[in-house]
>>> print(open('target-v8.txt').read())   # compact mmCIF, N, CA and C atoms
# COMPACT_ATOMS: atom_id res chain seq x y z
N MET A 114 92.49 119.14 81.73
CA MET A 114 93.94 119.21 81.71
C MET A 114 94.51 118.17 82.68
N ALA A 115 95.55 117.50 82.30
CA ALA A 115 96.17 116.48 83.14
C ALA A 115 96.87 117.13 84.32
N ALA A 116 96.75 116.50 85.47
CA ALA A 116 97.44 116.99 86.66
C ALA A 116 98.93 116.78 86.50
N PRO A 117 99.76 117.63 87.12
CA PRO A 117 101.21 117.51 86.95
C PRO A 117 101.76 116.15 87.42
N HIS A 118 101.16 115.55 88.44
CA HIS A 118 101.67 114.28 88.96
C HIS A 118 101.26 113.08 88.11
N ASP A 119 100.38 113.31 87.12
CA ASP A 119 99.92 112.20 86.28
C ASP A 119 100.99 111.78 85.27
N GLY A 120 101.92 112.66 84.98
CA GLY A 120 103.03 112.32 84.10
C GLY A 120 102.57 111.88 82.72
N PRO A 121 103.30 110.95 82.11
CA PRO A 121 103.03 110.57 80.72
C PRO A 121 101.81 109.65 80.57
N TRP A 122 101.13 109.27 81.67
CA TRP A 122 100.02 108.34 81.57
C TRP A 122 98.74 109.01 81.09
N LEU A 123 98.66 110.33 81.20
CA LEU A 123 97.48 111.06 80.74
C LEU A 123 97.91 112.12 79.74
N ASP A 124 97.08 112.31 78.74
CA ASP A 124 97.33 113.32 77.74
C ASP A 124 96.12 114.25 77.74
N GLU A 125 96.35 115.55 77.62
CA GLU A 125 95.28 116.53 77.71
C GLU A 125 94.16 116.25 76.72
N SER A 126 94.48 115.90 75.50
CA SER A 126 93.44 115.69 74.50
C SER A 126 93.02 114.22 74.37
N ALA A 127 93.92 113.30 74.62
CA ALA A 127 93.61 111.88 74.41
C ALA A 127 93.08 111.19 75.64
N GLY A 128 93.33 111.75 76.83
CA GLY A 128 92.91 111.08 78.05
C GLY A 128 93.95 110.07 78.50
N ARG A 129 93.49 108.98 79.11
CA ARG A 129 94.41 107.95 79.62
C ARG A 129 95.11 107.28 78.43
N LEU A 130 96.45 107.25 78.47
CA LEU A 130 97.22 106.67 77.38
C LEU A 130 97.41 105.16 77.54
N VAL A 131 97.35 104.69 78.77
CA VAL A 131 97.49 103.26 79.03
C VAL A 131 96.09 102.72 79.28
N ARG A 132 95.67 101.77 78.50
CA ARG A 132 94.33 101.21 78.65
C ARG A 132 94.22 100.44 79.95
N PRO A 133 93.06 100.48 80.58
CA PRO A 133 92.90 99.85 81.90
C PRO A 133 93.30 98.37 81.95
N TYR A 134 92.98 97.61 80.91
CA TYR A 134 93.32 96.19 80.95
C TYR A 134 94.83 95.97 80.98
N THR A 135 95.59 96.94 80.49
CA THR A 135 97.05 96.85 80.53
C THR A 135 97.54 96.95 81.97
N VAL A 136 96.87 97.75 82.78
CA VAL A 136 97.24 97.93 84.18
C VAL A 136 97.14 96.61 84.93
N SER A 137 96.13 95.81 84.59
CA SER A 137 95.93 94.52 85.27
C SER A 137 96.60 93.37 84.52
N GLY A 138 97.45 93.67 83.57
CA GLY A 138 98.14 92.63 82.82
C GLY A 138 97.18 91.81 81.97
N GLY A 139 96.08 92.42 81.56
CA GLY A 139 95.09 91.72 80.73
C GLY A 139 94.15 90.83 81.52
N ARG A 140 94.35 90.74 82.82
CA ARG A 140 93.49 89.88 83.65
C ARG A 140 92.18 90.58 83.96
N THR A 141 91.12 89.82 83.97
CA THR A 141 89.80 90.39 84.26
C THR A 141 89.13 89.73 85.45
N ARG A 142 89.78 88.75 86.06
CA ARG A 142 89.20 88.05 87.20
C ARG A 142 90.14 88.10 88.40
N PRO A 143 89.67 88.70 89.49
CA PRO A 143 90.50 88.73 90.69
C PRO A 143 90.56 87.35 91.34
N THR A 144 91.65 87.07 92.05
CA THR A 144 91.77 85.79 92.74
C THR A 144 91.07 85.84 94.09
N ALA A 145 90.85 87.02 94.64
CA ALA A 145 90.16 87.17 95.93
C ALA A 145 88.69 87.51 95.67
N GLN A 146 87.85 87.13 96.61
CA GLN A 146 86.41 87.41 96.53
C GLN A 146 86.16 88.85 96.94
N LEU A 147 85.89 89.73 95.98
CA LEU A 147 85.69 91.16 96.23
C LEU A 147 84.41 91.63 95.59
N ASP A 148 83.70 92.53 96.27
CA ASP A 148 82.63 93.26 95.61
C ASP A 148 82.86 94.74 95.90
N LEU A 149 82.01 95.60 95.42
CA LEU A 149 82.26 97.04 95.55
C LEU A 149 82.24 97.53 96.99
N LEU A 150 81.55 96.83 97.87
CA LEU A 150 81.45 97.26 99.26
C LEU A 150 82.47 96.60 100.19
N THR A 151 83.26 95.67 99.68
CA THR A 151 84.28 95.02 100.49
C THR A 151 85.26 96.08 100.99
N GLN A 152 85.58 96.01 102.27
CA GLN A 152 86.55 96.92 102.88
C GLN A 152 87.94 96.33 102.77
N VAL A 153 88.90 97.13 102.34
CA VAL A 153 90.29 96.69 102.24
C VAL A 153 91.14 97.55 103.17
N LEU A 154 92.15 96.94 103.77
CA LEU A 154 93.01 97.63 104.72
C LEU A 154 94.44 97.13 104.58
N ALA A 155 95.38 98.06 104.51
CA ALA A 155 96.79 97.69 104.42
C ALA A 155 97.23 97.01 105.71
N THR A 156 98.00 95.93 105.58
CA THR A 156 98.47 95.19 106.75
C THR A 156 99.71 95.84 107.36
N GLY A 157 100.44 96.60 106.57
CA GLY A 157 101.67 97.20 107.06
C GLY A 157 102.86 96.26 106.97
N GLY A 158 102.60 95.04 106.55
CA GLY A 158 103.67 94.05 106.42
C GLY A 158 104.50 94.28 105.17
N PRO A 159 105.62 93.58 105.08
CA PRO A 159 106.47 93.72 103.89
C PRO A 159 105.76 93.17 102.65
N VAL A 160 105.97 93.82 101.54
CA VAL A 160 105.36 93.41 100.29
C VAL A 160 106.36 92.57 99.51
N THR A 161 105.93 91.38 99.11
CA THR A 161 106.79 90.52 98.31
C THR A 161 106.36 90.61 96.86
N GLY A 162 107.29 90.59 95.97
CA GLY A 162 106.98 90.63 94.55
C GLY A 162 106.96 92.05 94.02
N TYR A 163 106.73 92.15 92.73
CA TYR A 163 106.73 93.44 92.03
C TYR A 163 105.39 94.14 92.19
N LEU A 164 105.43 95.41 92.51
CA LEU A 164 104.23 96.24 92.53
C LEU A 164 104.37 97.32 91.47
N GLY A 165 103.33 97.43 90.66
CA GLY A 165 103.30 98.51 89.68
C GLY A 165 102.87 99.80 90.33
N LEU A 166 102.88 100.88 89.57
CA LEU A 166 102.49 102.19 90.07
C LEU A 166 101.08 102.17 90.65
N GLU A 167 100.14 101.54 89.94
CA GLU A 167 98.76 101.50 90.41
C GLU A 167 98.61 100.68 91.68
N HIS A 168 99.40 99.60 91.80
CA HIS A 168 99.38 98.81 93.04
C HIS A 168 99.82 99.68 94.22
N THR A 169 100.88 100.43 94.02
CA THR A 169 101.41 101.29 95.08
C THR A 169 100.40 102.37 95.44
N GLN A 170 99.76 102.95 94.44
CA GLN A 170 98.74 103.97 94.71
C GLN A 170 97.56 103.37 95.47
N ALA A 171 97.12 102.19 95.07
CA ALA A 171 96.00 101.53 95.74
C ALA A 171 96.35 101.23 97.19
N LEU A 172 97.54 100.74 97.41
CA LEU A 172 97.98 100.43 98.77
C LEU A 172 98.00 101.69 99.63
N GLY A 173 98.43 102.79 99.06
CA GLY A 173 98.45 104.06 99.78
C GLY A 173 97.07 104.55 100.17
N LEU A 174 96.06 104.16 99.42
CA LEU A 174 94.68 104.56 99.73
C LEU A 174 94.05 103.72 100.83
N CYS A 175 94.72 102.65 101.22
CA CYS A 175 94.12 101.68 102.14
C CYS A 175 94.73 101.72 103.54
N THR A 176 95.20 102.89 103.97
CA THR A 176 95.75 103.00 105.32
C THR A 176 94.65 102.93 106.38
N ALA A 177 93.43 103.19 105.98
CA ALA A 177 92.24 103.01 106.82
C ALA A 177 91.29 102.14 106.01
N PRO A 178 90.33 101.48 106.65
CA PRO A 178 89.40 100.65 105.88
C PRO A 178 88.72 101.47 104.78
N THR A 179 88.83 100.98 103.56
CA THR A 179 88.32 101.69 102.39
C THR A 179 87.59 100.70 101.50
N SER A 180 86.48 101.12 100.92
CA SER A 180 85.73 100.21 100.04
C SER A 180 86.43 100.08 98.69
N VAL A 181 86.18 98.97 98.05
CA VAL A 181 86.72 98.74 96.70
C VAL A 181 86.23 99.84 95.76
N ALA A 182 84.97 100.24 95.91
CA ALA A 182 84.41 101.30 95.06
C ALA A 182 85.18 102.61 95.23
N GLU A 183 85.53 102.95 96.47
CA GLU A 183 86.27 104.18 96.72
C GLU A 183 87.67 104.12 96.12
N VAL A 184 88.33 102.99 96.24
CA VAL A 184 89.67 102.84 95.66
C VAL A 184 89.58 103.00 94.14
N ALA A 185 88.58 102.37 93.52
CA ALA A 185 88.41 102.48 92.07
C ALA A 185 88.18 103.93 91.66
N ALA A 186 87.36 104.64 92.42
CA ALA A 186 87.08 106.04 92.10
C ALA A 186 88.34 106.89 92.23
N GLN A 187 89.11 106.67 93.29
CA GLN A 187 90.33 107.45 93.50
C GLN A 187 91.39 107.16 92.43
N LEU A 188 91.47 105.91 92.00
CA LEU A 188 92.44 105.54 90.96
C LEU A 188 91.96 105.88 89.56
N LYS A 189 90.67 106.19 89.44
CA LYS A 189 90.05 106.47 88.14
C LYS A 189 90.20 105.27 87.20
N LEU A 190 89.95 104.09 87.77
CA LEU A 190 90.01 102.84 87.01
C LEU A 190 88.68 102.11 87.12
N PRO A 191 88.34 101.29 86.13
CA PRO A 191 87.12 100.48 86.24
C PRO A 191 87.21 99.55 87.45
N ALA A 192 86.07 99.24 88.01
CA ALA A 192 86.01 98.40 89.21
C ALA A 192 86.68 97.05 88.99
N VAL A 193 86.49 96.44 87.84
CA VAL A 193 87.07 95.11 87.60
C VAL A 193 88.59 95.16 87.61
N VAL A 194 89.17 96.21 87.07
CA VAL A 194 90.62 96.37 87.07
C VAL A 194 91.10 96.60 88.50
N THR A 195 90.39 97.43 89.24
CA THR A 195 90.74 97.70 90.63
C THR A 195 90.67 96.43 91.46
N LYS A 196 89.67 95.60 91.22
CA LYS A 196 89.55 94.34 91.95
C LYS A 196 90.76 93.44 91.69
N VAL A 197 91.24 93.41 90.46
CA VAL A 197 92.42 92.60 90.14
C VAL A 197 93.64 93.14 90.88
N LEU A 198 93.83 94.46 90.87
CA LEU A 198 94.96 95.07 91.57
C LEU A 198 94.91 94.78 93.07
N LEU A 199 93.72 94.97 93.67
CA LEU A 199 93.57 94.73 95.10
C LEU A 199 93.77 93.25 95.42
N SER A 200 93.31 92.40 94.54
CA SER A 200 93.49 90.96 94.71
C SER A 200 94.97 90.60 94.72
N ASP A 201 95.75 91.23 93.85
CA ASP A 201 97.20 91.02 93.84
C ASP A 201 97.80 91.40 95.20
N LEU A 202 97.33 92.51 95.76
CA LEU A 202 97.83 92.97 97.05
C LEU A 202 97.42 92.05 98.19
N VAL A 203 96.23 91.47 98.09
CA VAL A 203 95.80 90.48 99.08
C VAL A 203 96.69 89.24 98.98
N ASP A 204 96.93 88.80 97.76
CA ASP A 204 97.74 87.59 97.53
C ASP A 204 99.17 87.72 98.07
N CYS A 205 99.72 88.93 98.04
CA CYS A 205 101.08 89.11 98.53
C CYS A 205 101.12 89.52 100.00
N GLY A 206 99.96 89.56 100.65
CA GLY A 206 99.90 89.83 102.08
C GLY A 206 99.90 91.30 102.46
N ALA A 207 99.76 92.19 101.49
CA ALA A 207 99.79 93.63 101.78
C ALA A 207 98.44 94.18 102.21
N LEU A 208 97.35 93.47 101.89
CA LEU A 208 96.00 93.92 102.24
C LEU A 208 95.22 92.81 102.92
N THR A 209 94.29 93.21 103.77
CA THR A 209 93.30 92.28 104.32
C THR A 209 91.93 92.74 103.84
N LEU A 210 90.99 91.82 103.83
CA LEU A 210 89.63 92.09 103.36
C LEU A 210 88.64 91.92 104.50
N ARG A 211 87.56 92.68 104.41
CA ARG A 211 86.46 92.49 105.34
C ARG A 211 85.16 92.79 104.59
N ALA A 212 84.31 91.78 104.52
CA ALA A 212 83.02 91.96 103.87
C ALA A 212 82.14 92.82 104.78
N PRO A 213 81.25 93.61 104.20
CA PRO A 213 80.33 94.41 105.02
C PRO A 213 79.51 93.52 105.94
N ASP A 214 79.26 93.98 107.16
CA ASP A 214 78.53 93.20 108.15
C ASP A 214 77.12 92.82 107.71
N PHE A 215 76.49 93.66 106.92
CA PHE A 215 75.11 93.37 106.57
C PHE A 215 74.95 92.18 105.65
N TYR A 216 76.06 91.64 105.13
CA TYR A 216 75.94 90.46 104.27
C TYR A 216 75.50 89.22 105.05
N HIS A 217 75.63 89.26 106.36
CA HIS A 217 75.17 88.12 107.14
C HIS A 217 73.66 87.96 107.00
N ASN A 218 72.94 89.06 106.91
CA ASN A 218 71.50 89.02 106.76
C ASN A 218 71.05 90.30 106.05
N PRO A 219 71.07 90.30 104.72
CA PRO A 219 70.75 91.53 103.99
C PRO A 219 69.30 91.98 104.15
N THR A 220 68.44 91.14 104.69
CA THR A 220 67.04 91.54 104.90
C THR A 220 66.75 91.70 106.39
N ASP A 221 67.75 92.08 107.16
CA ASP A 221 67.59 92.30 108.58
C ASP A 221 66.47 93.32 108.82
N ARG A 222 65.49 92.92 109.56
CA ARG A 222 64.31 93.75 109.79
C ARG A 222 64.67 95.08 110.44
N SER A 223 65.56 95.08 111.41
CA SER A 223 65.90 96.33 112.09
C SER A 223 66.59 97.31 111.13
N LEU A 224 67.41 96.79 110.23
CA LEU A 224 68.06 97.66 109.25
C LEU A 224 67.02 98.26 108.31
N LEU A 225 66.11 97.43 107.81
CA LEU A 225 65.08 97.92 106.91
C LEU A 225 64.17 98.93 107.59
N GLU A 226 63.85 98.70 108.86
CA GLU A 226 63.01 99.65 109.60
C GLU A 226 63.73 100.98 109.81
N ALA A 227 65.02 100.92 110.08
CA ALA A 227 65.80 102.15 110.25
C ALA A 227 65.83 102.96 108.95
N VAL A 228 65.99 102.29 107.83
CA VAL A 228 65.96 102.97 106.54
C VAL A 228 64.60 103.60 106.30
N LEU A 229 63.55 102.85 106.56
CA LEU A 229 62.18 103.35 106.38
C LEU A 229 61.92 104.56 107.28
N ASP A 230 62.35 104.50 108.52
CA ASP A 230 62.17 105.63 109.44
C ASP A 230 62.90 106.86 108.94
N GLY A 231 64.12 106.67 108.43
CA GLY A 231 64.88 107.79 107.88
C GLY A 231 64.20 108.41 106.68
N LEU A 232 63.64 107.57 105.83
CA LEU A 232 62.93 108.08 104.66
C LEU A 232 61.68 108.84 105.07
N ARG A 233 60.96 108.34 106.05
CA ARG A 233 59.76 109.03 106.53
C ARG A 233 60.09 110.40 107.10
N ARG A 234 61.21 110.50 107.81
CA ARG A 234 61.60 111.80 108.38
C ARG A 234 61.95 112.81 107.28
N GLN A 235 62.40 112.33 106.14
CA GLN A 235 62.75 113.22 105.03
C GLN A 235 61.53 113.76 104.31
N LEU A 236 60.41 113.07 104.44
CA LEU A 236 59.20 113.48 103.71
C LEU A 236 58.39 114.45 104.47
>>> encode(input="target-v8.txt", output="structure tokens")
Amino acid sequence: MAAPHDGPWLDESAGRLVRPYTVSGGRTRPTAQLDLLTQVLATGGPVTGYLGLEHTQALGLCTAPTSVAEVAAQLKLPAVVTKVLLSDLVDCGALTLRAPDFYHNPTDRSLLEAVLDGLRRQL
């Protein structure tokens, strides 16, 4: 059953009435470099330009550092659509991005050893 705040965008039997690509204006490529683990954070600055409902919802989810994957899950949108929306917010200065620290060295020995130690403790 659709939640009361979902309004006309969801139908109990049909599901989402607006297709995801419509939310992103048919765009499938974000202008900002984003992956699922990228952290996004609202800048608190004034927003220039038009924001759609989903843009506003995404911005509201980013009051603390939040991953792109988490925003997509909360919005119930595909990751690629969420990346386009977040990219729009970055372009207008409403969001900042931060790549996960481990991207500097994804094969960091200390990180791998910590994971291995944790797995051994579970067994």
>>> residues_around(input="target-v8.txt", residues="Leu199 in chain A", least_positions_apart="4", cutoff="7 Å", atoms="all atoms listed in the file", output="PyMOL selection string")
chain A and resi 145+168+194-195+203-204
>>> residues_around(input="target-v8.txt", residues="Thr209 in chain A", least_positions_apart="2", cutoff="6 Å", atoms="only N, CA and C atoms", output="ChimeraX atom specification")
/A:152-156,203,207,211
>>> atom_distance(input="target-v8.txt", atom1="atom N of Ala171 in chain A", atom2="CA of Leu188 in chain A")
7.1 Å
>>> atom_distance(input="target-v8.txt", atom1="CA of Arg142 in chain A", atom2="atom C of Pro191 in chain A")
11.7 Å
>>> atom_distance(input="target-v8.txt", atom1="atom N of Arg140 in chain A", atom2="atom N of Val197 in chain A")
8.7 Å
>>> decode(input="target-v8.txt", residues="range 143-224 of chain A", atoms="C-alpha atoms", output="mmCIF file, in the first residue's frame")
data_model
loop_
_atom_site.group_PDB
_atom_site.id
_atom_site.type_symbol
_atom_site.label_atom_id
_atom_site.label_comp_id
_atom_site.auth_asym_id
_atom_site.auth_seq_id
_atom_site.Cartn_x
_atom_site.Cartn_y
_atom_site.Cartn_z
ATOM 1 C CA PRO A 143 25.914 12.378 -14.024
ATOM 2 C CA THR A 144 28.201 15.361 -14.541
ATOM 3 C CA ALA A 145 30.007 14.699 -11.233
ATOM 4 C CA GLN A 146 32.235 11.697 -10.548
ATOM 5 C CA LEU A 147 30.121 9.528 -8.205
ATOM 6 C CA ASP A 148 30.130 5.911 -7.166
ATOM 7 C CA LEU A 149 27.948 4.108 -4.639
ATOM 8 C CA LEU A 150 30.335 4.772 -1.743
ATOM 9 C CA THR A 151 30.868 8.482 -2.424
ATOM 10 C CA GLN A 152 29.788 10.559 0.570
ATOM 11 C CA VAL A 153 27.533 13.547 -0.137
ATOM 12 C CA LEU A 154 26.858 16.406 2.264
ATOM 13 C CA ALA A 155 24.592 19.446 1.998
ATOM 14 C CA THR A 156 26.537 22.710 1.973
ATOM 15 C CA GLY A 157 23.712 24.733 3.495
ATOM 16 C CA GLY A 158 24.233 27.384 0.841
ATOM 17 C CA PRO A 159 21.494 28.885 -1.298
ATOM 18 C CA VAL A 160 20.271 26.699 -4.133
ATOM 19 C CA THR A 161 20.184 28.256 -7.576
ATOM 20 C CA GLY A 162 17.906 26.930 -10.265
ATOM 21 C CA TYR A 163 14.884 24.663 -10.204
ATOM 22 C CA LEU A 164 14.776 21.677 -7.876
ATOM 23 C CA GLY A 165 12.272 18.926 -8.412
ATOM 24 C CA LEU A 166 10.634 16.959 -5.606
ATOM 25 C CA GLU A 167 13.287 14.238 -5.739
ATOM 26 C CA HIS A 168 16.103 16.814 -5.652
ATOM 27 C CA THR A 169 14.590 18.332 -2.518
ATOM 28 C CA GLN A 170 14.172 14.912 -0.915
ATOM 29 C CA ALA A 171 17.767 13.957 -1.745
ATOM 30 C CA LEU A 172 19.065 17.211 -0.314
ATOM 31 C CA GLY A 173 17.111 16.583 2.880
ATOM 32 C CA LEU A 174 18.830 13.207 3.269
ATOM 33 C CA CYS A 175 22.283 14.787 3.091
ATOM 34 C CA THR A 176 22.352 16.860 6.287
ATOM 35 C CA ALA A 177 25.096 14.485 7.471
ATOM 36 C CA PRO A 178 27.595 12.658 5.237
ATOM 37 C CA THR A 179 25.578 10.016 3.407
ATOM 38 C CA SER A 180 26.590 7.513 0.739
ATOM 39 C CA VAL A 181 25.100 7.626 -2.734
ATOM 40 C CA ALA A 182 23.841 4.071 -2.148
ATOM 41 C CA GLU A 183 21.964 5.153 0.987
ATOM 42 C CA VAL A 184 20.351 8.113 -0.784
ATOM 43 C CA ALA A 185 19.251 5.817 -3.632
ATOM 44 C CA ALA A 186 17.773 3.341 -1.158
ATOM 45 C CA GLN A 187 15.904 6.054 0.748
ATOM 46 C CA LEU A 188 14.528 7.589 -2.457
ATOM 47 C CA LYS A 189 13.664 4.143 -3.847
ATOM 48 C CA LEU A 190 15.320 5.085 -7.133
ATOM 49 C CA PRO A 191 17.928 3.277 -9.236
ATOM 50 C CA ALA A 192 21.500 4.295 -8.448
ATOM 51 C CA VAL A 193 22.075 5.836 -11.884
ATOM 52 C CA VAL A 194 19.052 8.120 -11.497
ATOM 53 C CA THR A 195 20.152 9.078 -7.982
ATOM 54 C CA LYS A 196 23.641 9.887 -9.271
ATOM 55 C CA VAL A 197 22.143 12.272 -11.847
ATOM 56 C CA LEU A 198 20.019 13.994 -9.172
ATOM 57 C CA LEU A 199 22.969 14.314 -6.787
ATOM 58 C CA SER A 200 25.147 15.555 -9.622
ATOM 59 C CA ASP A 201 22.596 18.311 -10.300
ATOM 60 C CA LEU A 202 22.831 19.315 -6.641
ATOM 61 C CA VAL A 203 26.633 19.359 -6.796
ATOM 62 C CA ASP A 204 26.510 21.509 -9.937
ATOM 63 C CA CYS A 205 24.302 24.104 -8.242
ATOM 64 C CA GLY A 206 26.482 24.195 -5.123
ATOM 65 C CA ALA A 207 24.008 22.513 -2.768
ATOM 66 C CA LEU A 208 26.153 19.401 -2.142
ATOM 67 C CA THR A 209 29.809 18.573 -1.675
ATOM 68 C CA LEU A 210 31.390 15.207 -2.420
ATOM 69 C CA ARG A 211 33.979 13.147 -0.631
ATOM 70 C CA ALA A 212 35.361 9.906 -1.992
ATOM 71 C CA PRO A 213 35.943 7.151 0.574
ATOM 72 C CA ASP A 214 39.430 7.309 2.092
ATOM 73 C CA PHE A 215 40.311 3.767 1.124
ATOM 74 C CA TYR A 216 40.382 4.712 -2.559
ATOM 75 C CA HIS A 217 43.870 6.073 -2.023
ATOM 76 C CA ASN A 218 45.094 2.497 -1.616
ATOM 77 C CA PRO A 219 42.386 -0.164 -1.927
ATOM 78 C CA THR A 220 44.911 -2.927 -1.172
ATOM 79 C CA ASP A 221 46.197 -1.344 2.037
ATOM 80 C CA ARG A 222 47.760 -4.197 3.976
ATOM 81 C CA SER A 223 46.570 -2.978 7.382
ATOM 82 C CA LEU A 224 42.978 -2.777 6.155
#
